[in-house]
$ cat work00.cif   # mmCIF, N, CA and C atoms
data_target
#
loop_
_atom_site.label_atom_id
_atom_site.label_comp_id
_atom_site.auth_asym_id
_atom_site.auth_seq_id
_atom_site.Cartn_x
_atom_site.Cartn_y
_atom_site.Cartn_z
N MET A 1 0.85 -1.19 0.00
CA MET A 1 0.00 0.00 0.00
C MET A 1 0.89 1.24 0.00
N SER A 2 0.54 2.23 -0.82
CA SER A 2 1.36 3.43 -0.90
C SER A 2 0.83 4.50 0.07
N TYR A 3 1.75 5.36 0.49
CA TYR A 3 1.37 6.49 1.33
C TYR A 3 2.00 7.74 0.76
N PHE A 4 1.37 8.88 1.04
CA PHE A 4 1.82 10.17 0.54
C PHE A 4 1.98 11.11 1.71
N VAL A 5 3.12 11.78 1.78
CA VAL A 5 3.39 12.73 2.84
C VAL A 5 4.07 13.96 2.25
N VAL A 6 3.75 15.12 2.80
CA VAL A 6 4.34 16.38 2.35
C VAL A 6 5.28 16.89 3.43
N LYS A 7 6.49 17.27 3.00
CA LYS A 7 7.49 17.78 3.93
C LYS A 7 8.10 19.05 3.37
N GLU A 8 8.51 19.94 4.28
CA GLU A 8 9.27 21.11 3.85
C GLU A 8 10.65 20.63 3.43
N CYS A 9 11.20 21.27 2.43
CA CYS A 9 12.48 20.82 1.88
C CYS A 9 13.47 21.98 1.81
N ASN A 10 14.67 21.77 2.34
CA ASN A 10 15.72 22.76 2.25
C ASN A 10 16.83 22.33 1.29
N ASP A 11 16.67 21.17 0.67
CA ASP A 11 17.67 20.63 -0.24
C ASP A 11 17.23 20.87 -1.68
N SER A 12 17.82 21.89 -2.30
CA SER A 12 17.40 22.26 -3.65
C SER A 12 17.66 21.15 -4.67
N GLU A 13 18.56 20.22 -4.38
CA GLU A 13 18.84 19.13 -5.31
C GLU A 13 17.67 18.14 -5.39
N ILE A 14 16.81 18.12 -4.39
CA ILE A 14 15.60 17.29 -4.44
C ILE A 14 14.52 18.01 -5.25
N VAL A 15 14.46 19.33 -5.09
CA VAL A 15 13.43 20.14 -5.74
C VAL A 15 13.69 20.34 -7.23
N LYS A 16 14.93 20.59 -7.59
CA LYS A 16 15.28 20.96 -8.98
C LYS A 16 14.75 19.99 -10.03
N PRO A 17 14.94 18.67 -9.87
CA PRO A 17 14.43 17.77 -10.92
C PRO A 17 12.91 17.88 -11.12
N LEU A 18 12.17 18.10 -10.05
CA LEU A 18 10.72 18.25 -10.17
C LEU A 18 10.38 19.56 -10.88
N PHE A 19 11.06 20.66 -10.51
CA PHE A 19 10.84 21.94 -11.17
C PHE A 19 11.17 21.83 -12.66
N LEU A 20 12.27 21.17 -12.98
CA LEU A 20 12.67 21.01 -14.38
C LEU A 20 11.66 20.18 -15.17
N GLU A 21 11.16 19.12 -14.58
CA GLU A 21 10.14 18.30 -15.25
C GLU A 21 8.88 19.13 -15.49
N TYR A 22 8.49 19.91 -14.49
CA TYR A 22 7.33 20.78 -14.61
C TYR A 22 7.52 21.79 -15.75
N SER A 23 8.74 22.31 -15.90
CA SER A 23 9.00 23.33 -16.92
C SER A 23 8.87 22.80 -18.34
N GLN A 24 8.79 21.48 -18.49
CA GLN A 24 8.67 20.87 -19.83
C GLN A 24 7.23 20.73 -20.30
N ILE A 25 6.26 21.11 -19.49
CA ILE A 25 4.85 21.01 -19.88
C ILE A 25 4.59 21.92 -21.08
N LYS A 26 4.10 21.33 -22.15
CA LYS A 26 3.81 22.08 -23.37
C LYS A 26 2.73 23.13 -23.10
N GLY A 27 3.00 24.35 -23.52
CA GLY A 27 2.04 25.44 -23.35
C GLY A 27 2.26 26.24 -22.08
N ALA A 28 3.12 25.77 -21.18
CA ALA A 28 3.34 26.47 -19.91
C ALA A 28 4.60 27.33 -19.94
N GLU A 29 5.19 27.50 -21.09
CA GLU A 29 6.46 28.22 -21.19
C GLU A 29 6.40 29.62 -20.56
N SER A 30 5.28 30.30 -20.69
CA SER A 30 5.17 31.66 -20.14
C SER A 30 5.23 31.67 -18.61
N CYS A 31 5.08 30.52 -17.98
CA CYS A 31 5.15 30.41 -16.52
C CYS A 31 6.60 30.33 -16.03
N PHE A 32 7.53 30.29 -16.96
CA PHE A 32 8.93 30.06 -16.59
C PHE A 32 9.86 31.18 -17.05
N VAL A 33 9.37 32.41 -16.99
CA VAL A 33 10.19 33.57 -17.29
C VAL A 33 11.19 33.72 -16.15
N SER A 34 12.43 33.96 -16.46
CA SER A 34 13.55 34.07 -15.50
C SER A 34 13.72 32.81 -14.65
N PHE A 35 13.40 31.66 -15.24
CA PHE A 35 13.49 30.37 -14.54
C PHE A 35 14.95 30.03 -14.18
N ASP A 36 15.90 30.42 -15.04
CA ASP A 36 17.32 30.14 -14.76
C ASP A 36 17.77 30.83 -13.48
N LYS A 37 17.32 32.06 -13.28
CA LYS A 37 17.66 32.80 -12.06
C LYS A 37 17.07 32.10 -10.84
N GLU A 38 15.84 31.66 -10.96
CA GLU A 38 15.17 30.95 -9.87
C GLU A 38 15.93 29.68 -9.51
N LEU A 39 16.27 28.88 -10.53
CA LEU A 39 16.96 27.60 -10.30
C LEU A 39 18.37 27.78 -9.75
N ALA A 40 19.02 28.89 -10.10
CA ALA A 40 20.40 29.11 -9.68
C ALA A 40 20.56 29.13 -8.17
N ASP A 41 19.54 29.63 -7.45
CA ASP A 41 19.61 29.66 -5.99
C ASP A 41 18.18 29.62 -5.44
N LEU A 42 17.62 28.42 -5.39
CA LEU A 42 16.24 28.25 -4.94
C LEU A 42 16.03 28.75 -3.51
N ASN A 43 17.00 28.50 -2.63
CA ASN A 43 16.83 28.92 -1.24
C ASN A 43 16.77 30.45 -1.12
N ALA A 44 17.55 31.16 -1.91
CA ALA A 44 17.48 32.63 -1.89
C ALA A 44 16.19 33.12 -2.55
N TYR A 45 15.81 32.49 -3.66
CA TYR A 45 14.61 32.90 -4.39
C TYR A 45 13.35 32.75 -3.53
N TYR A 46 13.31 31.70 -2.73
CA TYR A 46 12.13 31.43 -1.89
C TYR A 46 12.36 31.80 -0.42
N LYS A 47 13.36 32.66 -0.16
CA LYS A 47 13.63 33.11 1.21
C LYS A 47 12.39 33.78 1.80
N GLY A 48 12.04 33.40 3.01
CA GLY A 48 10.84 33.94 3.65
C GLY A 48 9.60 33.17 3.26
N GLY A 49 9.74 32.22 2.36
CA GLY A 49 8.65 31.36 1.92
C GLY A 49 8.97 29.92 2.26
N ALA A 50 8.70 29.01 1.33
CA ALA A 50 8.95 27.59 1.60
C ALA A 50 8.95 26.78 0.32
N LEU A 51 9.67 25.69 0.36
CA LEU A 51 9.64 24.67 -0.69
C LEU A 51 9.07 23.40 -0.06
N LEU A 52 8.04 22.84 -0.68
CA LEU A 52 7.43 21.61 -0.17
C LEU A 52 7.60 20.50 -1.19
N ILE A 53 7.84 19.31 -0.68
CA ILE A 53 7.94 18.12 -1.53
C ILE A 53 6.93 17.10 -1.04
N GLY A 54 6.21 16.51 -2.00
CA GLY A 54 5.30 15.42 -1.70
C GLY A 54 5.99 14.11 -2.04
N TYR A 55 6.00 13.19 -1.09
CA TYR A 55 6.67 11.89 -1.27
C TYR A 55 5.63 10.78 -1.28
N GLU A 56 5.75 9.89 -2.25
CA GLU A 56 4.98 8.65 -2.21
C GLU A 56 5.99 7.55 -1.88
N ASN A 57 5.76 6.87 -0.77
CA ASN A 57 6.68 5.82 -0.33
C ASN A 57 8.13 6.29 -0.36
N ASP A 58 8.38 7.48 0.17
CA ASP A 58 9.71 8.07 0.28
C ASP A 58 10.33 8.52 -1.04
N LYS A 59 9.58 8.48 -2.13
CA LYS A 59 10.08 8.94 -3.43
C LYS A 59 9.46 10.31 -3.73
N PRO A 60 10.29 11.34 -4.05
CA PRO A 60 9.73 12.66 -4.37
C PRO A 60 8.95 12.64 -5.68
N VAL A 61 7.65 12.95 -5.59
CA VAL A 61 6.78 12.88 -6.77
C VAL A 61 5.99 14.17 -7.00
N SER A 62 6.13 15.13 -6.09
CA SER A 62 5.32 16.34 -6.16
C SER A 62 6.07 17.49 -5.50
N CYS A 63 5.74 18.70 -5.92
CA CYS A 63 6.35 19.87 -5.29
C CYS A 63 5.38 21.05 -5.33
N ALA A 64 5.69 22.03 -4.51
CA ALA A 64 4.99 23.31 -4.48
C ALA A 64 5.88 24.28 -3.74
N ALA A 65 5.69 25.57 -3.98
CA ALA A 65 6.55 26.57 -3.34
C ALA A 65 5.73 27.80 -2.95
N LEU A 66 6.24 28.49 -1.93
CA LEU A 66 5.69 29.78 -1.51
C LEU A 66 6.79 30.82 -1.64
N LYS A 67 6.48 31.88 -2.37
CA LYS A 67 7.43 32.99 -2.54
C LYS A 67 6.85 34.21 -1.81
N LYS A 68 7.62 34.74 -0.88
CA LYS A 68 7.18 35.91 -0.13
C LYS A 68 7.06 37.12 -1.05
N ILE A 69 5.92 37.79 -0.98
CA ILE A 69 5.73 39.05 -1.70
C ILE A 69 5.97 40.21 -0.73
N ASP A 70 5.27 40.15 0.41
CA ASP A 70 5.45 41.11 1.50
C ASP A 70 5.03 40.42 2.79
N ASP A 71 4.91 41.14 3.88
CA ASP A 71 4.60 40.50 5.17
C ASP A 71 3.23 39.84 5.20
N ASN A 72 2.31 40.27 4.34
CA ASN A 72 0.95 39.74 4.35
C ASN A 72 0.67 38.75 3.22
N SER A 73 1.41 38.84 2.12
CA SER A 73 1.09 38.08 0.92
C SER A 73 2.26 37.22 0.44
N CYS A 74 1.90 36.07 -0.09
CA CYS A 74 2.89 35.21 -0.73
C CYS A 74 2.28 34.67 -2.02
N GLU A 75 3.15 34.21 -2.89
CA GLU A 75 2.71 33.63 -4.16
C GLU A 75 2.92 32.13 -4.11
N GLY A 76 1.89 31.38 -4.43
CA GLY A 76 2.01 29.94 -4.59
C GLY A 76 2.56 29.66 -5.97
N LYS A 77 3.59 28.84 -6.03
CA LYS A 77 4.24 28.57 -7.32
C LYS A 77 4.58 27.09 -7.42
N ARG A 78 4.78 26.67 -8.66
CA ARG A 78 5.37 25.37 -8.98
C ARG A 78 4.64 24.17 -8.40
N LEU A 79 3.30 24.27 -8.26
CA LEU A 79 2.53 23.11 -7.83
C LEU A 79 2.55 22.10 -8.97
N PHE A 80 3.15 20.95 -8.71
CA PHE A 80 3.38 19.97 -9.77
C PHE A 80 3.32 18.56 -9.18
N ILE A 81 2.68 17.66 -9.92
CA ILE A 81 2.64 16.23 -9.60
C ILE A 81 3.17 15.51 -10.84
N LYS A 82 4.14 14.63 -10.65
CA LYS A 82 4.65 13.85 -11.78
C LYS A 82 3.46 13.12 -12.42
N SER A 83 3.46 13.05 -13.76
CA SER A 83 2.29 12.55 -14.49
C SER A 83 1.82 11.17 -14.03
N GLU A 84 2.75 10.28 -13.75
CA GLU A 84 2.35 8.92 -13.37
C GLU A 84 1.75 8.83 -11.96
N TYR A 85 1.75 9.96 -11.21
CA TYR A 85 1.19 9.97 -9.86
C TYR A 85 -0.07 10.83 -9.76
N ARG A 86 -0.55 11.32 -10.89
CA ARG A 86 -1.75 12.16 -10.89
C ARG A 86 -3.00 11.32 -10.71
N GLY A 87 -4.07 11.97 -10.29
CA GLY A 87 -5.34 11.28 -10.11
C GLY A 87 -5.47 10.55 -8.79
N LYS A 88 -4.54 10.78 -7.87
CA LYS A 88 -4.57 10.12 -6.56
C LYS A 88 -4.95 11.08 -5.43
N GLY A 89 -5.27 12.33 -5.77
CA GLY A 89 -5.63 13.31 -4.76
C GLY A 89 -4.45 14.03 -4.14
N TYR A 90 -3.26 13.83 -4.68
CA TYR A 90 -2.06 14.43 -4.11
C TYR A 90 -2.04 15.95 -4.24
N ALA A 91 -2.58 16.48 -5.31
CA ALA A 91 -2.57 17.93 -5.52
C ALA A 91 -3.34 18.63 -4.41
N ARG A 92 -4.47 18.09 -4.04
CA ARG A 92 -5.27 18.68 -2.95
C ARG A 92 -4.48 18.64 -1.64
N ILE A 93 -3.80 17.53 -1.39
CA ILE A 93 -3.04 17.38 -0.15
C ILE A 93 -1.89 18.39 -0.10
N ILE A 94 -1.15 18.50 -1.18
CA ILE A 94 0.00 19.43 -1.16
C ILE A 94 -0.47 20.88 -1.16
N LEU A 95 -1.60 21.17 -1.81
CA LEU A 95 -2.14 22.53 -1.78
C LEU A 95 -2.59 22.90 -0.36
N LYS A 96 -3.23 21.96 0.34
CA LYS A 96 -3.62 22.20 1.74
C LYS A 96 -2.37 22.43 2.60
N ALA A 97 -1.33 21.63 2.38
CA ALA A 97 -0.08 21.79 3.13
C ALA A 97 0.54 23.16 2.85
N LEU A 98 0.47 23.60 1.60
CA LEU A 98 0.99 24.91 1.22
C LEU A 98 0.23 26.02 1.94
N MET A 99 -1.09 25.88 2.00
CA MET A 99 -1.91 26.88 2.69
C MET A 99 -1.59 26.90 4.19
N GLU A 100 -1.43 25.73 4.78
CA GLU A 100 -1.10 25.66 6.21
C GLU A 100 0.28 26.27 6.48
N LYS A 101 1.23 26.02 5.61
CA LYS A 101 2.57 26.59 5.77
C LYS A 101 2.52 28.11 5.65
N ALA A 102 1.74 28.61 4.70
CA ALA A 102 1.60 30.06 4.54
C ALA A 102 1.02 30.68 5.80
N LYS A 103 0.00 30.05 6.37
CA LYS A 103 -0.58 30.55 7.62
C LYS A 103 0.46 30.53 8.73
N ALA A 104 1.22 29.44 8.84
CA ALA A 104 2.24 29.31 9.88
C ALA A 104 3.32 30.38 9.74
N LEU A 105 3.59 30.81 8.51
CA LEU A 105 4.58 31.86 8.27
C LEU A 105 3.99 33.26 8.48
N GLY A 106 2.69 33.33 8.78
CA GLY A 106 2.04 34.60 9.08
C GLY A 106 1.44 35.33 7.90
N PHE A 107 1.38 34.68 6.74
CA PHE A 107 0.77 35.32 5.58
C PHE A 107 -0.75 35.33 5.71
N LYS A 108 -1.36 36.36 5.15
CA LYS A 108 -2.82 36.50 5.19
C LYS A 108 -3.48 36.05 3.89
N GLU A 109 -2.68 35.97 2.80
CA GLU A 109 -3.23 35.54 1.53
C GLU A 109 -2.16 34.87 0.68
N ILE A 110 -2.65 34.00 -0.21
CA ILE A 110 -1.80 33.39 -1.24
C ILE A 110 -2.38 33.82 -2.58
N VAL A 111 -1.51 34.25 -3.47
CA VAL A 111 -1.91 34.52 -4.85
C VAL A 111 -1.27 33.47 -5.75
N PHE A 112 -1.92 33.16 -6.83
CA PHE A 112 -1.44 32.19 -7.81
C PHE A 112 -1.68 32.77 -9.19
N THR A 113 -0.89 32.37 -10.15
CA THR A 113 -1.26 32.57 -11.55
C THR A 113 -1.27 31.20 -12.18
N THR A 114 -2.20 30.99 -13.08
CA THR A 114 -2.30 29.71 -13.76
C THR A 114 -2.82 29.94 -15.17
N LYS A 115 -2.62 28.96 -15.99
CA LYS A 115 -3.04 29.03 -17.38
C LYS A 115 -4.08 27.92 -17.59
N PRO A 116 -5.37 28.24 -17.42
CA PRO A 116 -6.41 27.21 -17.48
C PRO A 116 -6.42 26.38 -18.76
N SER A 117 -6.01 26.97 -19.89
CA SER A 117 -6.02 26.20 -21.14
C SER A 117 -5.01 25.06 -21.11
N VAL A 118 -3.98 25.18 -20.29
CA VAL A 118 -2.94 24.17 -20.18
C VAL A 118 -3.10 23.36 -18.89
N MET A 119 -3.50 24.04 -17.83
CA MET A 119 -3.58 23.42 -16.50
C MET A 119 -5.02 23.40 -16.00
N LYS A 120 -5.87 22.74 -16.75
CA LYS A 120 -7.30 22.69 -16.43
C LYS A 120 -7.56 22.11 -15.04
N THR A 121 -6.88 21.03 -14.73
CA THR A 121 -7.10 20.35 -13.45
C THR A 121 -6.68 21.24 -12.28
N ALA A 122 -5.52 21.88 -12.39
CA ALA A 122 -5.05 22.78 -11.33
C ALA A 122 -6.02 23.95 -11.14
N TYR A 123 -6.43 24.54 -12.25
CA TYR A 123 -7.36 25.67 -12.20
C TYR A 123 -8.66 25.26 -11.49
N SER A 124 -9.17 24.10 -11.86
CA SER A 124 -10.40 23.59 -11.25
C SER A 124 -10.20 23.35 -9.75
N LEU A 125 -9.06 22.80 -9.38
CA LEU A 125 -8.77 22.55 -7.96
C LEU A 125 -8.70 23.86 -7.19
N TYR A 126 -8.03 24.87 -7.73
CA TYR A 126 -7.93 26.15 -7.04
C TYR A 126 -9.32 26.71 -6.76
N LYS A 127 -10.20 26.63 -7.75
CA LYS A 127 -11.56 27.14 -7.57
C LYS A 127 -12.30 26.34 -6.49
N LYS A 128 -12.17 25.00 -6.53
CA LYS A 128 -12.82 24.15 -5.52
C LYS A 128 -12.30 24.43 -4.11
N MET A 129 -11.03 24.81 -4.01
CA MET A 129 -10.40 25.05 -2.71
C MET A 129 -10.66 26.48 -2.20
N GLY A 130 -11.38 27.28 -2.97
CA GLY A 130 -11.76 28.60 -2.50
C GLY A 130 -10.99 29.77 -3.06
N PHE A 131 -10.10 29.53 -4.03
CA PHE A 131 -9.39 30.63 -4.66
C PHE A 131 -10.36 31.39 -5.56
N GLU A 132 -10.25 32.71 -5.55
CA GLU A 132 -11.10 33.55 -6.40
C GLU A 132 -10.27 34.16 -7.52
N GLU A 133 -10.90 34.33 -8.67
CA GLU A 133 -10.21 34.96 -9.80
C GLU A 133 -10.12 36.45 -9.58
N LEU A 134 -8.93 36.99 -9.85
CA LEU A 134 -8.72 38.43 -9.76
C LEU A 134 -8.73 39.07 -11.14
N SER A 135 -8.04 38.42 -12.09
CA SER A 135 -7.95 38.97 -13.44
C SER A 135 -7.49 37.89 -14.41
N GLU A 136 -7.61 38.21 -15.71
CA GLU A 136 -7.15 37.30 -16.76
C GLU A 136 -6.53 38.16 -17.86
N THR A 137 -5.32 37.81 -18.25
CA THR A 137 -4.62 38.51 -19.32
C THR A 137 -3.93 37.48 -20.20
N ASP A 138 -4.25 37.50 -21.47
CA ASP A 138 -3.62 36.60 -22.44
C ASP A 138 -3.69 35.13 -22.01
N GLY A 139 -4.81 34.73 -21.42
CA GLY A 139 -5.00 33.34 -21.02
C GLY A 139 -4.39 32.96 -19.69
N ILE A 140 -3.74 33.93 -19.01
CA ILE A 140 -3.17 33.67 -17.69
C ILE A 140 -4.08 34.30 -16.64
N VAL A 141 -4.54 33.47 -15.71
CA VAL A 141 -5.48 33.90 -14.69
C VAL A 141 -4.76 34.10 -13.37
N SER A 142 -5.01 35.25 -12.75
CA SER A 142 -4.51 35.52 -11.40
C SER A 142 -5.61 35.17 -10.41
N MET A 143 -5.23 34.48 -9.34
CA MET A 143 -6.19 34.04 -8.33
C MET A 143 -5.63 34.34 -6.95
N ARG A 144 -6.50 34.33 -5.94
CA ARG A 144 -6.06 34.53 -4.56
C ARG A 144 -6.99 33.81 -3.60
N ILE A 145 -6.46 33.58 -2.40
CA ILE A 145 -7.29 33.04 -1.33
C ILE A 145 -6.93 33.78 -0.06
N ASP A 146 -7.96 34.13 0.69
CA ASP A 146 -7.80 34.80 1.99
C ASP A 146 -7.60 33.69 3.02
N LEU A 147 -6.45 33.65 3.66
CA LEU A 147 -6.14 32.61 4.62
C LEU A 147 -6.77 32.85 5.99
N LEU A 148 -7.37 34.03 6.18
CA LEU A 148 -7.99 34.34 7.47
C LEU A 148 -9.44 33.92 7.55
N LYS A 149 -10.01 33.50 6.44
CA LYS A 149 -11.43 33.08 6.42
C LYS A 149 -11.58 31.70 6.99
#
$ encode --input "work00.cif" --output "structure tokens"
Amino acid sequence: MSYFVVKECNDSEIVKPLFLEYSQIKGAESCFVSFDKELADLNAYYKGGALLIGYENDKPVSCAALKKIDDNSCEGKRLFIKSEYRGKGYARIILKALMEKAKALGFKEIVFTTKPSVMKTAYSLYKKMGFEELSETDGIVSMRIDLLK
């Protein structure tokens, strides 16, 4: 029987392969502007936020990140599940863990951007989890959730 657990990660060498696999999704290229700078020093890029890894039976299969915007707001980024592990409910689990981590860090809201035409499942999950749409530009939707509700 398999189990799934989410842990905070300080080892960028565990995170990088998942981020790189995520960056190969066709149609998501616009989500990876200045990606080289981000990858060069993940711990500095996400300072004040967090990197989370989802493990199935101790194997890293999922990731998500929080990037500090200011003392009240953070951006949820890089929510990704390896394709062969999708459909098991892991995205909901890691998104809940991301929200709990954001609250623990004292943030009042999480903002996300997503491209529904490419990431239909993620977009649908964000809406189900209570994220509201703020705007849409060129097929990229900005969303947010109030963590104090």
$ residues_around --input "work00.cif" --residues "Tyr22 of chain A" --least-positions-apart "5" --cutoff "8 Å" --atoms "only N, CA and C atoms" --output "ChimeraX atom specification"
/A:16-17,28,78-82
$ closest_residue --input "work00.cif" --among "A:Leu134, A:Met129, A:Met143, A:Ala50" --to "Phe112 of chain A" --atoms "all atoms listed in the file"
A:Met143
$ select_by_dssp --input "work00.cif" --residues "segment 36-102 of chain A" --states "helix (DSSP H, G or I)" --output "list in words"
Asp36, Lys37, Glu38, Leu39, Ala40, Leu42, Asn43, Ala44, Tyr45, Ser83, Glu84, Tyr85, Tyr90, Ala91, Arg92, Ile93, Ile94, Leu95, Lys96, Ala97, Leu98, Met99, Glu100, Lys101 and Ala102 of chain A
$ residues_around --input "work00.cif" --residues "Thr121 of chain A" --least-positions-apart "2" --cutoff "12 Å" --atoms "only C-alpha atoms" --output "list in words"
Leu79, Phe80, Ile81, Arg86, Gly87, Gly89, Ala91, Arg92, Thr114, Lys115, Pro116, Ser117, Val118, Met119, Tyr123, Ser124, Leu125, Tyr126, Lys127 and Lys128 of chain A
$ atom_distance --input "work00.cif" --atom1 "atom CA of Glu132 of chain A" --atom2 "atom CA of Gly106 of chain A"
20.3 Å
$ resolve_selection --input "work00.cif" --expression "the PyMOL selection byres (((chain A and resi 5-14 and name CA) around 8) and name CA)" --output "PyMOL selection string"
chain A and resi 3-4+15-18+42-43+50-56+60+93-94+97
$ select_by_dssp --input "work00.cif" --residues "segment 50-95 of chain A" --states "strand (DSSP E)" --output "MDAnalysis selection string"
chainID A and resid 50:56 59:68 73:81
$ atom_distance --input "work00.cif" --atom1 "atom CA of Ser2 of chain A" --atom2 "atom CA of Leu95 of chain A"
19.4 Å
$ decode --input "work00.cif" --residues "segment 34-48 of chain A" --atoms "N, CA, C and O atoms" --output "tab-separated table (two decimals), in the first residue's frame"
chain	number	residue	atom	x	y	z
A	34	SER	N	12.43	33.96	-16.46
A	34	SER	CA	13.55	34.07	-15.50
A	34	SER	C	13.72	32.81	-14.65
A	34	SER	O	14.14	32.87	-13.50
A	35	PHE	N	13.40	31.66	-15.24
A	35	PHE	CA	13.49	30.37	-14.54
A	35	PHE	C	14.95	30.03	-14.18
A	35	PHE	O	15.21	29.46	-13.12
A	36	ASP	N	15.90	30.42	-15.04
A	36	ASP	CA	17.32	30.14	-14.76
A	36	ASP	C	17.77	30.83	-13.48
A	36	ASP	O	18.48	30.24	-12.67
A	37	LYS	N	17.32	32.06	-13.28
A	37	LYS	CA	17.66	32.80	-12.06
A	37	LYS	C	17.07	32.10	-10.84
A	37	LYS	O	17.72	31.98	-9.81
A	38	GLU	N	15.84	31.66	-10.96
A	38	GLU	CA	15.17	30.95	-9.87
A	38	GLU	C	15.93	29.68	-9.51
A	38	GLU	O	16.23	29.42	-8.35
A	39	LEU	N	16.27	28.88	-10.53
A	39	LEU	CA	16.96	27.60	-10.30
A	39	LEU	C	18.37	27.78	-9.75
A	39	LEU	O	18.86	26.92	-9.03
A	40	ALA	N	19.02	28.89	-10.10
A	40	ALA	CA	20.40	29.11	-9.68
A	40	ALA	C	20.56	29.13	-8.17
A	40	ALA	O	21.57	28.68	-7.65
A	41	ASP	N	19.54	29.63	-7.45
A	41	ASP	CA	19.61	29.66	-5.99
A	41	ASP	C	18.18	29.62	-5.44
A	41	ASP	O	17.61	30.64	-5.07
A	42	LEU	N	17.62	28.42	-5.39
A	42	LEU	CA	16.24	28.25	-4.94
A	42	LEU	C	16.03	28.75	-3.51
A	42	LEU	O	15.01	29.35	-3.20
A	43	ASN	N	17.00	28.50	-2.63
A	43	ASN	CA	16.83	28.92	-1.24
A	43	ASN	C	16.77	30.45	-1.12
A	43	ASN	O	15.99	30.97	-0.33
A	44	ALA	N	17.55	31.16	-1.91
A	44	ALA	CA	17.48	32.63	-1.89
A	44	ALA	C	16.19	33.12	-2.55
A	44	ALA	O	15.54	34.03	-2.04
A	45	TYR	N	15.81	32.49	-3.66
A	45	TYR	CA	14.61	32.90	-4.39
A	45	TYR	C	13.35	32.75	-3.53
A	45	TYR	O	12.45	33.59	-3.59
A	46	TYR	N	13.31	31.70	-2.73
A	46	TYR	CA	12.13	31.43	-1.89
A	46	TYR	C	12.36	31.80	-0.42
A	46	TYR	O	11.62	31.35	0.45
A	47	LYS	N	13.36	32.66	-0.16
A	47	LYS	CA	13.63	33.11	1.21
A	47	LYS	C	12.39	33.78	1.80
A	47	LYS	O	11.76	34.61	1.14
A	48	GLY	N	12.04	33.40	3.01
A	48	GLY	CA	10.84	33.94	3.65
A	48	GLY	C	9.60	33.17	3.26
A	48	GLY	O	8.52	33.42	3.79
